[in-house]
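Notes follow the structure.
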Amino acid sequence: MPISRQQSPMDMAFEEAEAAALRGEVPVGAVITDQSGQIIAAAGNRTIELADPTAHAEILAIRKACKALSSERLTGLDLYVTLEPCNMCASAISFARIRRLYYGCDDDKMGGRGFFHSSQCHHAPEIYDGIGAQRSAQMLQEFFRNRR
């Protein structure tokens, strides 16, 4: 599904995050595109729904993209995610050989961006942060405020 001029991959990631919030999940969404902008996979968090602590948006999108391409490597593909990936997701991004990572707001508590600078990292994507950061932060703050 190609991206329209009106809708960016990050906008689609936000749609996935909003859908996750409606399911009672932490609102995080992820989209994987090829170099032409074609969407390969999209997902939102489903840890509660699937009773799976690894069902983060990034992991689910990576799994879908690998299945769609029949490959364990996603070389040349880009990942858009609304929140800085955690260490688990950063490791999966590295193993998948994602070309570029675009994300919204930083996650000061669980963010794994530092993983890409560690000796355990075999592949580090190009990283572009702050894309829709305010929108992402507001969505997360509202979600957790409503849960308290």
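Lettering and numbering for the structure tokens are positional, with chains as A, B, ... in the shown order, residues counted from 1 in each chain, and ligands counted from 1 in the shown order.
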Sorted by chain and rising residue number, which residues of region 53-109 of chain A lie within 7 Å of region 119-125 of chain A, and what are their closest atom pairs and distances in Å to one decimal, counting only C-alpha atoms, as CSV?
```
residue,atom,partner,partner_atom,distance
A:Ser94,CA,A:His123,CA,4.9
A:Arg97,CA,A:His123,CA,6.1
A:Ile98,CA,A:Pro125,CA,5.9
A:Arg99,CA,A:Pro125,CA,5.0
A:Arg100,CA,A:Pro125,CA,4.9
A:Leu101,CA,A:Pro125,CA,6.1
```
Skip region 39-52 of chain A itself and residues of its chain fewer than 3 positions away, then list as an MDAnalysis selection string all residues within 10 Å of it, counting only C-alpha atoms. chainID A and resid 1:3 9 12:21 23:36 55:69 77:82
Region 55-88 of chain A: residues DSSP assigns to strand (DSSP E), reported as a ChimeraX atom specification: /A:78-83
Output file for the selection above: N, CA and C atoms, as a compact mmCIF listing (two decimals), in the first residue's frame:
```txt
# COMPACT_ATOMS: atom_id res chain seq x y z
N ASP A 78 12.92 0.89 6.17
CA ASP A 78 12.87 1.93 7.20
C ASP A 78 11.76 1.64 8.19
N LEU A 79 12.03 1.93 9.45
CA LEU A 79 11.05 1.73 10.52
C LEU A 79 10.68 3.08 11.11
N TYR A 80 9.39 3.33 11.20
CA TYR A 80 8.84 4.53 11.82
C TYR A 80 8.09 4.08 13.06
N VAL A 81 8.43 4.64 14.21
CA VAL A 81 7.76 4.24 15.45
C VAL A 81 7.51 5.49 16.29
N THR A 82 6.41 5.50 17.01
CA THR A 82 6.01 6.70 17.73
C THR A 82 6.80 6.96 19.01
N LEU A 83 7.49 5.96 19.51
CA LEU A 83 8.26 6.08 20.76
C LEU A 83 9.62 5.44 20.57
```
Write down as a PyMOL selection string the residues belonging to chain A that are assigned helix (DSSP H, G or I) by DSSP computed on the backbone. chain A and resi 9-22+57-69+87-96+113-117+133-147
Just checking: using only C-alpha atoms, which residue out of A:Asn87, A:Gly112, A:Ser118, A:Gly104 ends up closest to Ser136 (chain A)? A:Gly104
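Using only C-alpha atoms for every distance, the candidate list A:Pro85, A:Gln141, A:Ala96, A:Ala90 yields A:Ala96 as the residue closest to Arg73 (chain A).
If only C-alpha atoms are the atoms counted, then among A:Met10, A:Ile131, A:Leu22, A:Leu74 the closest residue to Cys105 (chain A) is A:Ile131.
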The distance between CA of Ala137 (chain A) and CA of Thr75 (chain A) is 29.4 Å
